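The structure under discussion appears below in the form of structure tokens.
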Amino acid sequence: MCGIIGYVGKKEKKKILLDGLQELEYRGYDSAGIAIIENQRLKHFKAIGKLENLREKTKKYESSNFGIAIGHTRWATHGKPTELNAHPHLGKYSFVVHNGIIENYQEIKAELQNKGITFLSQTDSETIVHLFESDYEKNRDSFQAFTNTINRLDGAYATLLITEVEEETIFFAKNGSPMLIGFSGEDIYFASSDTPIIRKATEVYYLEDGEYGYSKDGNVTLFNQEGEKSFIKKPLTTNKASAQKDSFRFFMEKEIYEQGRVMGETMMGRVLDNSINFDELEKSLFENITNIKICACGTSYHSALTGAYLLERIAKIPCQVEIASEFRYKEPLLQASTLFITISQSGETADTLEALKMAKRAGLKSLSICNVDNSSIVRESDNAILTRAGIEKGVASTKAFATQTMVLWMFTLYVAQLKKSITQEQLQTEINAMIHTPKALLVTDKLHAKLHRLSKRYLHGHGFFFIGRDIFFPLALEGALKLKEISYLHAEGYPAGEMKHGPIALADSELFTIALMPSSMQYEKIKSNVEELSARDATILAISPKPFELADDCIRTKYSSHPMLEFFEMMVATQLLALEISIRLGNDVDMPRNLAKSVTVE
Ligand code: F6R
């Protein structure tokens, strides 16, 4: 979703901004812009579409004296992706960039318009800059004007403001959307995540909600509702892991291939010879806990659903799964005996973060499963397990899903050990299977070539149904989500046994059914569900280690002994299918239309 970068210092600012925005590009955006004040001159540039367009527009511009600079990539929420709606937004002498949503912007806008102020964009963000200037014109105190401005805002924001009346200062505020400050000598950086400032800044401070302030003369002055406050910087990692595509065509493709390797990282130090160990978890985590609730969105919700099957079946603990955006407003009845787990790749998803805050307010213990250390969700949780997938750049999540699912499988065994709901022999069987997971995730040339060939037969039709049972039902949901995200074809995931309760009405030769048919879990049941579809002439692509004579096409998988190994192997096949269909359709695999990598608005 939208990205922010800011800089105060003597270095060439255009490069810092554009390179920083490039690092945030994978999050999804549809326009970008920068604003710089140097030698009392304010310059700004905006462009719709890719960053190359902004680079082209700024080709002749350079800025190498002391100055202040802000930049933004915008993912449209209020108003179309146009140059006027792109950030930074201009008042008369100030510029603002903003992530999040100002909920009361219409009221503020109407008030300012009544005072004769003209708005150029359709965005909520523009209200910030006009509110600031209208206050400044009354009181001639820029920091007070900024403070009064943010006190008027309801909703979520991370914002930077620069103004010609204070040309050595960046004003900043954070509430609900991520923002951090990077430090390197006299250079000060701002960003919505740490990637753009890694190897530029050496230390970092992650702003908390309700914090605001300004940066001037190489210093940062920080406030919250109680007044000025001190803060402790942390060392910033130098590990960029900012994936290059290597020889792959797309980041998503590279990330699919990486899954075997990263799974080794996910398991390291956790999967021991005959037990599962999570050093990061408090020993008291399970005291007085009788049940688990998992809350997440999108792909992370699918891994949560998979985890719930495992937790109930193996760890014998009741487990409910909730979509975060539904959970927030359903007035849920929460009990202190529930362990509240959130799952998030980015750790910044607004709905998941708010659900977590609600659970904490109700006194629940919390645990997050996340790929980004120091993200808002990790910081907000009592306990966190990092999935260690490395940075994921493809908007369509692959290795994050795989590692989340692995963490949930390991966590299930960990709980089962604690609750003694598993025998040592069963535990050993699970661990032996787990150790084989990296192999189940290997992409062979043969498999990839087969999916490449097959994909040409699945470019039309009136829709796809991915079907499965038990843990293969969430995998079906995930397979369908992957396909629709990057191919823009209609796809649904369905429990195989439910087809005859309605959707089978759609069956004809133009309905493509991707049937997940594991041999180690309810094979006969799913087989008869697929036979019902085949009898109605649906086109069947079976993914199974067993031959299935009614299938029009078949991907023969290797593993047949353990459901989780079958799960991971089939997951790779569905990811490659989506990838190859998308490539044949000529789509932008890594940055599909309308999508953002990190959804920081509700
Ligand atoms: C799909 C995808 C999204 C995310 C969802 C939640 O490929 O990535 O559905 O899973 O937006 O994001 P996180 O996991 O960052 O909370």
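Letters A, B, ... go to the chains of the structure tokens in the order shown; residues in each chain start at 1; ligands are counted from 1 in the same order.
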
List the neighbours of region 515-523 of chain A out to 7 Å using only C-alpha atoms; skip same-chain residues closer than 6 positions along the sequence, and give me the result as a PyMOL selection string. chain A and resi 466-468+472+540-546+560-563+566

Save the residues we just selected, all heavy atoms, as a compact mmCIF listing (two decimals), in the first residue's frame?
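And here is the file that came out, result_34.txt:
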```txt
# COMPACT_ATOMS: atom_id res chain seq x y z
N PHE A 466 -11.56 -24.47 -7.23
CA PHE A 466 -10.52 -25.27 -6.57
C PHE A 466 -11.23 -26.00 -5.45
O PHE A 466 -11.89 -25.34 -4.62
CB PHE A 466 -9.43 -24.37 -5.98
CG PHE A 466 -8.49 -23.78 -7.00
CD1 PHE A 466 -8.92 -22.83 -7.91
CD2 PHE A 466 -7.15 -24.16 -7.03
CE1 PHE A 466 -8.06 -22.28 -8.84
CE2 PHE A 466 -6.27 -23.62 -7.94
CZ PHE A 466 -6.73 -22.68 -8.86
N ILE A 467 -11.15 -27.31 -5.43
CA ILE A 467 -11.88 -28.02 -4.38
C ILE A 467 -10.95 -28.95 -3.59
O ILE A 467 -9.99 -29.50 -4.11
CB ILE A 467 -13.10 -28.80 -4.92
CG1 ILE A 467 -12.68 -29.83 -5.98
CG2 ILE A 467 -14.13 -27.84 -5.50
CD1 ILE A 467 -13.80 -30.79 -6.33
N GLY A 468 -11.28 -29.08 -2.31
CA GLY A 468 -10.51 -29.96 -1.44
C GLY A 468 -11.30 -30.20 -0.17
O GLY A 468 -12.33 -29.55 0.07
N PHE A 472 -7.12 -29.45 2.95
CA PHE A 472 -7.01 -29.14 1.51
C PHE A 472 -8.11 -28.19 1.07
O PHE A 472 -8.08 -27.69 -0.05
CB PHE A 472 -7.00 -30.44 0.69
CG PHE A 472 -5.76 -31.24 0.99
CD1 PHE A 472 -5.73 -32.12 2.06
CD2 PHE A 472 -4.60 -31.05 0.25
CE1 PHE A 472 -4.58 -32.82 2.38
CE2 PHE A 472 -3.44 -31.74 0.56
CZ PHE A 472 -3.43 -32.63 1.63
N ILE A 540 -11.73 -31.38 -15.56
CA ILE A 540 -11.07 -31.67 -14.29
C ILE A 540 -9.55 -31.68 -14.45
O ILE A 540 -9.01 -32.42 -15.29
CB ILE A 540 -11.47 -33.08 -13.74
CG1 ILE A 540 -12.98 -33.31 -13.79
CG2 ILE A 540 -10.87 -33.32 -12.36
CD1 ILE A 540 -13.79 -32.58 -12.76
N LEU A 541 -8.88 -30.88 -13.62
CA LEU A 541 -7.43 -31.01 -13.48
C LEU A 541 -7.20 -31.58 -12.08
O LEU A 541 -7.45 -30.91 -11.07
CB LEU A 541 -6.74 -29.63 -13.62
CG LEU A 541 -5.28 -29.54 -13.16
CD1 LEU A 541 -4.39 -30.55 -13.87
CD2 LEU A 541 -4.73 -28.13 -13.39
N ALA A 542 -6.78 -32.84 -12.05
CA ALA A 542 -6.58 -33.49 -10.74
C ALA A 542 -5.14 -33.33 -10.30
O ALA A 542 -4.21 -33.52 -11.09
CB ALA A 542 -6.93 -34.97 -10.84
N ILE A 543 -4.95 -32.94 -9.05
CA ILE A 543 -3.59 -32.89 -8.48
C ILE A 543 -3.57 -33.98 -7.42
O ILE A 543 -4.27 -33.89 -6.40
CB ILE A 543 -3.27 -31.50 -7.89
CG1 ILE A 543 -3.52 -30.40 -8.93
CG2 ILE A 543 -1.84 -31.45 -7.38
CD1 ILE A 543 -3.16 -29.00 -8.50
N SER A 544 -2.82 -35.02 -7.68
CA SER A 544 -2.90 -36.20 -6.82
C SER A 544 -1.71 -37.12 -7.06
O SER A 544 -1.19 -37.18 -8.18
CB SER A 544 -4.21 -36.95 -7.13
OG SER A 544 -4.30 -38.11 -6.33
N PRO A 545 -1.31 -37.88 -6.03
CA PRO A 545 -0.28 -38.89 -6.31
C PRO A 545 -0.87 -40.12 -6.99
O PRO A 545 -0.14 -40.97 -7.49
CB PRO A 545 0.24 -39.25 -4.90
CG PRO A 545 -0.84 -38.86 -3.97
CD PRO A 545 -1.66 -37.80 -4.61
N LYS A 546 -2.20 -40.23 -7.01
CA LYS A 546 -2.84 -41.41 -7.60
C LYS A 546 -3.35 -41.09 -9.00
O LYS A 546 -3.80 -39.97 -9.25
CB LYS A 546 -4.04 -41.81 -6.75
CG LYS A 546 -3.67 -42.26 -5.35
CD LYS A 546 -4.87 -42.97 -4.79
CE LYS A 546 -4.61 -43.42 -3.36
NZ LYS A 546 -5.40 -44.54 -2.97
N SER A 560 2.81 -39.24 -0.63
CA SER A 560 1.48 -39.81 -0.40
C SER A 560 1.34 -40.28 1.04
O SER A 560 0.30 -40.75 1.45
CB SER A 560 1.24 -41.00 -1.34
OG SER A 560 2.29 -41.94 -1.16
N SER A 561 2.41 -40.07 1.85
CA SER A 561 2.39 -40.69 3.18
C SER A 561 1.84 -39.78 4.26
O SER A 561 1.28 -40.25 5.24
CB SER A 561 3.82 -41.09 3.55
OG SER A 561 4.63 -39.92 3.46
N HIS A 562 2.01 -38.48 4.12
CA HIS A 562 1.61 -37.57 5.20
C HIS A 562 0.84 -36.39 4.60
O HIS A 562 1.31 -35.76 3.66
CB HIS A 562 2.85 -37.08 5.95
CG HIS A 562 2.52 -36.40 7.24
ND1 HIS A 562 1.96 -35.14 7.30
CD2 HIS A 562 2.63 -36.81 8.53
CE1 HIS A 562 1.77 -34.80 8.56
NE2 HIS A 562 2.16 -35.81 9.34
N PRO A 563 -0.31 -36.04 5.19
CA PRO A 563 -1.13 -34.97 4.60
C PRO A 563 -0.38 -33.64 4.44
O PRO A 563 -0.58 -32.94 3.45
CB PRO A 563 -2.28 -34.80 5.59
CG PRO A 563 -2.30 -36.03 6.41
CD PRO A 563 -0.94 -36.64 6.36
N GLU A 566 1.80 -33.73 1.43
CA GLU A 566 0.95 -33.62 0.24
C GLU A 566 0.47 -32.17 0.07
O GLU A 566 0.39 -31.63 -1.03
CB GLU A 566 -0.24 -34.56 0.36
CG GLU A 566 0.17 -36.03 0.35
CD GLU A 566 -0.96 -36.93 -0.14
OE1 GLU A 566 -1.42 -36.75 -1.28
OE2 GLU A 566 -1.40 -37.79 0.65
```

Distance limit 8 Å, reference ligand 1, atoms considered: only C-alpha atoms and all ligand atoms. Which residues make the cut? Give them as a PyMOL selection string. chain A and resi 296-301+343-349+352+370+395-398+400-401+481-482+485+596-599

Any chance you can output those residues with N, CA and C atoms as a short mmCIF file (atom, residue, chain, number, x, y, z; two decimals), in the first residue's frame?
```
data_model
loop_
_atom_site.label_atom_id
_atom_site.label_comp_id
_atom_site.auth_asym_id
_atom_site.auth_seq_id
_atom_site.Cartn_x
_atom_site.Cartn_y
_atom_site.Cartn_z
N ALA A 296 -7.01 -13.08 11.04
CA ALA A 296 -6.10 -12.71 9.94
C ALA A 296 -6.92 -12.28 8.73
N CYS A 297 -6.24 -11.89 7.67
CA CYS A 297 -6.90 -11.50 6.41
C CYS A 297 -6.26 -12.26 5.24
N GLY A 298 -7.03 -12.45 4.20
CA GLY A 298 -6.52 -12.95 2.92
C GLY A 298 -5.79 -14.28 3.05
N THR A 299 -4.61 -14.31 2.45
CA THR A 299 -3.80 -15.53 2.47
C THR A 299 -3.49 -15.97 3.90
N SER A 300 -3.22 -15.00 4.76
CA SER A 300 -2.91 -15.34 6.16
C SER A 300 -4.12 -16.00 6.82
N TYR A 301 -5.32 -15.59 6.41
CA TYR A 301 -6.54 -16.23 6.91
C TYR A 301 -6.58 -17.70 6.46
N ILE A 343 -2.18 -13.57 12.51
CA ILE A 343 -1.22 -14.00 11.50
C ILE A 343 -1.14 -12.91 10.44
N SER A 344 0.08 -12.51 10.11
CA SER A 344 0.24 -11.48 9.11
C SER A 344 1.62 -11.56 8.49
N GLN A 345 1.67 -11.52 7.19
CA GLN A 345 2.97 -11.48 6.51
C GLN A 345 3.65 -10.15 6.82
N SER A 346 2.94 -9.06 6.59
CA SER A 346 3.55 -7.73 6.70
C SER A 346 3.64 -7.23 8.13
N GLY A 347 2.70 -7.68 8.96
CA GLY A 347 2.64 -7.15 10.33
C GLY A 347 2.03 -5.76 10.38
N GLU A 348 1.49 -5.28 9.26
CA GLU A 348 0.95 -3.91 9.23
C GLU A 348 -0.52 -3.88 8.81
N THR A 349 -1.13 -5.01 8.55
CA THR A 349 -2.50 -5.01 8.06
C THR A 349 -3.43 -4.35 9.08
N THR A 352 -6.14 -6.46 10.97
CA THR A 352 -5.57 -7.46 11.89
C THR A 352 -5.00 -6.76 13.12
N CYS A 370 4.33 -13.82 12.27
CA CYS A 370 4.56 -12.70 11.36
C CYS A 370 5.91 -12.84 10.65
N VAL A 395 3.45 -9.37 -4.94
CA VAL A 395 2.25 -9.00 -4.18
C VAL A 395 1.45 -10.25 -3.80
N ALA A 396 1.40 -11.21 -4.70
CA ALA A 396 0.70 -12.46 -4.36
C ALA A 396 1.61 -13.30 -3.47
N SER A 397 1.13 -13.52 -2.28
CA SER A 397 1.96 -14.17 -1.27
C SER A 397 2.15 -15.66 -1.56
N THR A 398 3.40 -16.13 -1.45
CA THR A 398 3.66 -17.56 -1.66
C THR A 398 4.46 -18.10 -0.47
N ALA A 400 5.42 -16.64 2.15
CA ALA A 400 4.89 -16.22 3.46
C ALA A 400 3.81 -17.21 3.90
N PHE A 401 2.94 -17.58 2.97
CA PHE A 401 1.88 -18.55 3.29
C PHE A 401 2.49 -19.89 3.72
N LEU A 481 -7.41 -17.96 -4.68
CA LEU A 481 -7.03 -16.56 -4.46
C LEU A 481 -5.81 -16.21 -5.30
N LYS A 482 -4.80 -17.11 -5.29
CA LYS A 482 -3.59 -16.84 -6.10
C LYS A 482 -3.97 -16.62 -7.55
N GLU A 485 -5.92 -13.32 -8.16
CA GLU A 485 -5.10 -12.12 -7.95
C GLU A 485 -4.25 -11.78 -9.17
N ALA A 596 -2.35 -4.23 -3.28
CA ALA A 596 -1.22 -3.68 -2.55
C ALA A 596 -0.64 -4.77 -1.67
N LYS A 597 0.64 -4.70 -1.42
CA LYS A 597 1.30 -5.75 -0.65
C LYS A 597 0.93 -5.67 0.82
N SER A 598 0.78 -4.46 1.29
CA SER A 598 0.55 -4.31 2.72
C SER A 598 -0.67 -3.40 2.86
N VAL A 599 -1.75 -3.92 3.43
CA VAL A 599 -3.02 -3.20 3.39
C VAL A 599 -3.20 -2.44 4.70
#
```

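Nearest-residue note for Phe278 (chain A): choosing from A:Leu418, A:Leu447, A:Ala389, A:Leu356, the minimum distance belongs to A:Leu418, counting only C-alpha atoms.
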
10 Å contact set for Ile292 (chain A), only C-alpha atoms, chain neighbours under 2 positions out, as a PyMOL selection string: chain A and resi 289-290+294-295+308+311-312+317-321+337-341+366

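Closest to Gly67 (chain A) among A:Thr169, A:Asp141, A:Phe132, A:His89 is A:Thr169, based on only C-alpha atoms.
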
Please identify the strand (DSSP E or B) residues within region 293-395 of chain A (assignment by DSSP from backbone atoms) and present them as a ChimeraX atom specification. /A:293-296,319-323,338-344,365-370,383-386

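Taking CA of Leu334 (chain A) as the reference point, CA of Asp373 (chain A) is found at 27.2 Å.
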
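Minimum atom-to-atom distances from A:Pro547, A:Gly463, A:Gly260, A:Pro196 to Thr238 (chain A) were compared using only C-alpha atoms, and the lowest value belongs to A:Pro196.
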
Å distance separating CA of Glu228 (chain A) from CA of Gln144 (chain A), one decimal place: 13.4 Å

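Atom to atom, CA of Leu54 (chain A) and CA of Glu126 (chain A) stand 20.5 Å apart.
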
Need to verify the contact set: Lys254 (chain A), 12 Å, only C-alpha atoms, exclusion of same-chain residues closer than 2 positions in sequence. Can you return it as a PyMOL selection string? chain A and resi 243-252+256-262+391-394+397-399+443+575-576+579+589-590

Exercise: Pro332 (chain A) partners within 12 Å, only C-alpha atoms, chain neighbours under 3 positions left out, as a ChimeraX atom specification: /A:293,322,324,326-329,335,355,358-359,362

Residue subset to file, keeping N, CA, C and O atoms, as a CSV table (one decimal), in the first residue's frame:
```
chain,number,residue,atom,x,y,z
A,293,LYS,N,-8.2,-18.4,19.4
A,293,LYS,CA,-8.9,-17.8,18.4
A,293,LYS,C,-7.8,-17.2,17.4
A,293,LYS,O,-6.8,-16.6,17.9
A,322,GLU,N,-11.1,-16.3,12.6
A,322,GLU,CA,-12.0,-15.1,12.2
A,322,GLU,C,-11.3,-14.3,11.2
A,322,GLU,O,-10.1,-14.1,11.3
A,324,ALA,N,-10.3,-10.8,10.1
A,324,ALA,CA,-10.1,-9.6,11.0
A,324,ALA,C,-11.2,-8.5,10.8
A,324,ALA,O,-11.7,-7.9,11.7
A,326,GLU,N,-14.2,-8.7,9.8
A,326,GLU,CA,-15.5,-9.1,10.3
A,326,GLU,C,-15.4,-9.1,11.9
A,326,GLU,O,-16.3,-8.6,12.5
A,327,PHE,N,-14.4,-9.6,12.4
A,327,PHE,CA,-14.2,-9.7,13.8
A,327,PHE,C,-14.3,-8.3,14.5
A,327,PHE,O,-15.0,-8.2,15.6
A,328,ARG,N,-13.8,-7.3,13.9
A,328,ARG,CA,-13.7,-6.0,14.5
A,328,ARG,C,-15.1,-5.4,14.8
A,328,ARG,O,-15.2,-4.7,15.8
A,329,TYR,N,-16.1,-5.7,14.0
A,329,TYR,CA,-17.3,-5.0,14.2
A,329,TYR,C,-18.5,-6.0,14.6
A,329,TYR,O,-19.6,-5.6,14.7
A,335,GLN,N,-13.1,-14.1,26.0
A,335,GLN,CA,-12.8,-14.6,27.3
A,335,GLN,C,-11.3,-14.6,27.6
A,335,GLN,O,-10.6,-14.9,26.7
A,355,ALA,N,-7.8,-5.7,15.3
A,355,ALA,CA,-8.4,-6.8,16.0
A,355,ALA,C,-7.6,-7.2,17.2
A,355,ALA,O,-8.1,-7.5,18.3
A,358,MET,N,-8.1,-4.8,20.0
A,358,MET,CA,-9.4,-5.1,20.7
A,358,MET,C,-9.2,-6.3,21.7
A,358,MET,O,-9.7,-6.2,22.8
A,359,ALA,N,-8.5,-7.3,21.2
A,359,ALA,CA,-8.4,-8.5,22.1
A,359,ALA,C,-7.5,-8.2,23.3
A,359,ALA,O,-7.8,-8.6,24.4
A,362,ALA,N,-9.5,-6.4,25.8
A,362,ALA,CA,-10.4,-7.3,26.6
A,362,ALA,C,-9.6,-8.3,27.5
A,362,ALA,O,-10.1,-9.1,28.1
```

Long-range neighbours of region 198-205 of chain A as an NGL selection string, 7 Å cut-off, only C-alpha atoms, 3 positions minimum in chain: :A and (180-184 or 194-195 or 232-238 or 240)

Same residues, N, CA and C atoms, saved as a PDB file, in the first residue's frame:
```pdb
ATOM      1  N   LEU A 180       8.726   5.177  10.785  1.00  0.00           N
ATOM      2  CA  LEU A 180       9.933   5.083  11.603  1.00  0.00           C
ATOM      3  C   LEU A 180      10.895   6.191  11.222  1.00  0.00           C
ATOM      4  N   ILE A 181      11.847   6.430  12.133  1.00  0.00           N
ATOM      5  CA  ILE A 181      12.854   7.464  11.882  1.00  0.00           C
ATOM      6  C   ILE A 181      14.220   6.793  11.896  1.00  0.00           C
ATOM      7  N   GLY A 182      15.018   7.058  10.861  1.00  0.00           N
ATOM      8  CA  GLY A 182      16.353   6.473  10.784  1.00  0.00           C
ATOM      9  C   GLY A 182      17.395   7.552  11.049  1.00  0.00           C
ATOM     10  N   PHE A 183      18.510   7.162  11.672  1.00  0.00           N
ATOM     11  CA  PHE A 183      19.546   8.121  12.042  1.00  0.00           C
ATOM     12  C   PHE A 183      20.899   7.660  11.503  1.00  0.00           C
ATOM     13  N   SER A 184      21.662   8.595  10.972  1.00  0.00           N
ATOM     14  CA  SER A 184      23.039   8.303  10.580  1.00  0.00           C
ATOM     15  C   SER A 184      23.787   9.630  10.671  1.00  0.00           C
ATOM     16  N   ASP A 194      11.251  -0.246   7.165  1.00  0.00           N
ATOM     17  CA  ASP A 194      12.701  -0.017   7.237  1.00  0.00           C
ATOM     18  C   ASP A 194      13.456  -0.294   5.932  1.00  0.00           C
ATOM     19  N   THR A 195      12.852  -1.028   5.001  1.00  0.00           N
ATOM     20  CA  THR A 195      13.580  -1.394   3.779  1.00  0.00           C
ATOM     21  C   THR A 195      14.259  -0.204   3.080  1.00  0.00           C
ATOM     22  N   ILE A 232      14.417   5.762  22.706  1.00  0.00           N
ATOM     23  CA  ILE A 232      15.668   5.006  22.592  1.00  0.00           C
ATOM     24  C   ILE A 232      15.777   4.441  21.178  1.00  0.00           C
ATOM     25  N   LYS A 233      16.887   4.785  20.527  1.00  0.00           N
ATOM     26  CA  LYS A 233      17.088   4.271  19.162  1.00  0.00           C
ATOM     27  C   LYS A 233      17.591   2.837  19.250  1.00  0.00           C
ATOM     28  N   LYS A 234      17.312   2.088  18.194  1.00  0.00           N
ATOM     29  CA  LYS A 234      17.816   0.710  18.134  1.00  0.00           C
ATOM     30  C   LYS A 234      18.753   0.605  16.941  1.00  0.00           C
ATOM     31  N   PRO A 235      19.711  -0.319  16.981  1.00  0.00           N
ATOM     32  CA  PRO A 235      20.528  -0.497  15.770  1.00  0.00           C
ATOM     33  C   PRO A 235      19.649  -1.006  14.624  1.00  0.00           C
ATOM     34  N   LEU A 236      19.922  -0.557  13.427  1.00  0.00           N
ATOM     35  CA  LEU A 236      19.139  -0.993  12.275  1.00  0.00           C
ATOM     36  C   LEU A 236      19.912  -2.081  11.541  1.00  0.00           C
ATOM     37  N   THR A 237      19.212  -3.147  11.209  1.00  0.00           N
ATOM     38  CA  THR A 237      19.875  -4.247  10.493  1.00  0.00           C
ATOM     39  C   THR A 237      20.515  -3.744   9.193  1.00  0.00           C
ATOM     40  N   THR A 238      21.581  -4.417   8.779  1.00  0.00           N
ATOM     41  CA  THR A 238      22.176  -4.059   7.487  1.00  0.00           C
ATOM     42  C   THR A 238      21.794  -5.085   6.430  1.00  0.00           C
ATOM     43  N   LYS A 240      19.853  -6.424   3.884  1.00  0.00           N
ATOM     44  CA  LYS A 240      18.844  -5.861   2.999  1.00  0.00           C
ATOM     45  C   LYS A 240      17.913  -6.937   2.458  1.00  0.00           C
TER      46      LYS A 240
END
```

DSSP on the backbone, helix (DSSP H, G or I) only: what residues of region 94-293 of chain A does that give? Format it as a ChimeraX atom specification. /A:105-114,126-139,142-152,195-197,251-267,283-286

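When only C-alpha atoms are used to compute distances to Gly264 (chain A), the closest of the residues A:Gly100, A:Gly363, A:Pro438, A:Gly210 turns out to be A:Pro438.
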
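Of the residues under consideration (A:Met434, A:Ile68, A:Leu18, A:Ala76), A:Met434 shows the shortest atom-to-atom contact distance to Asp273 (chain A) when counting only C-alpha atoms.
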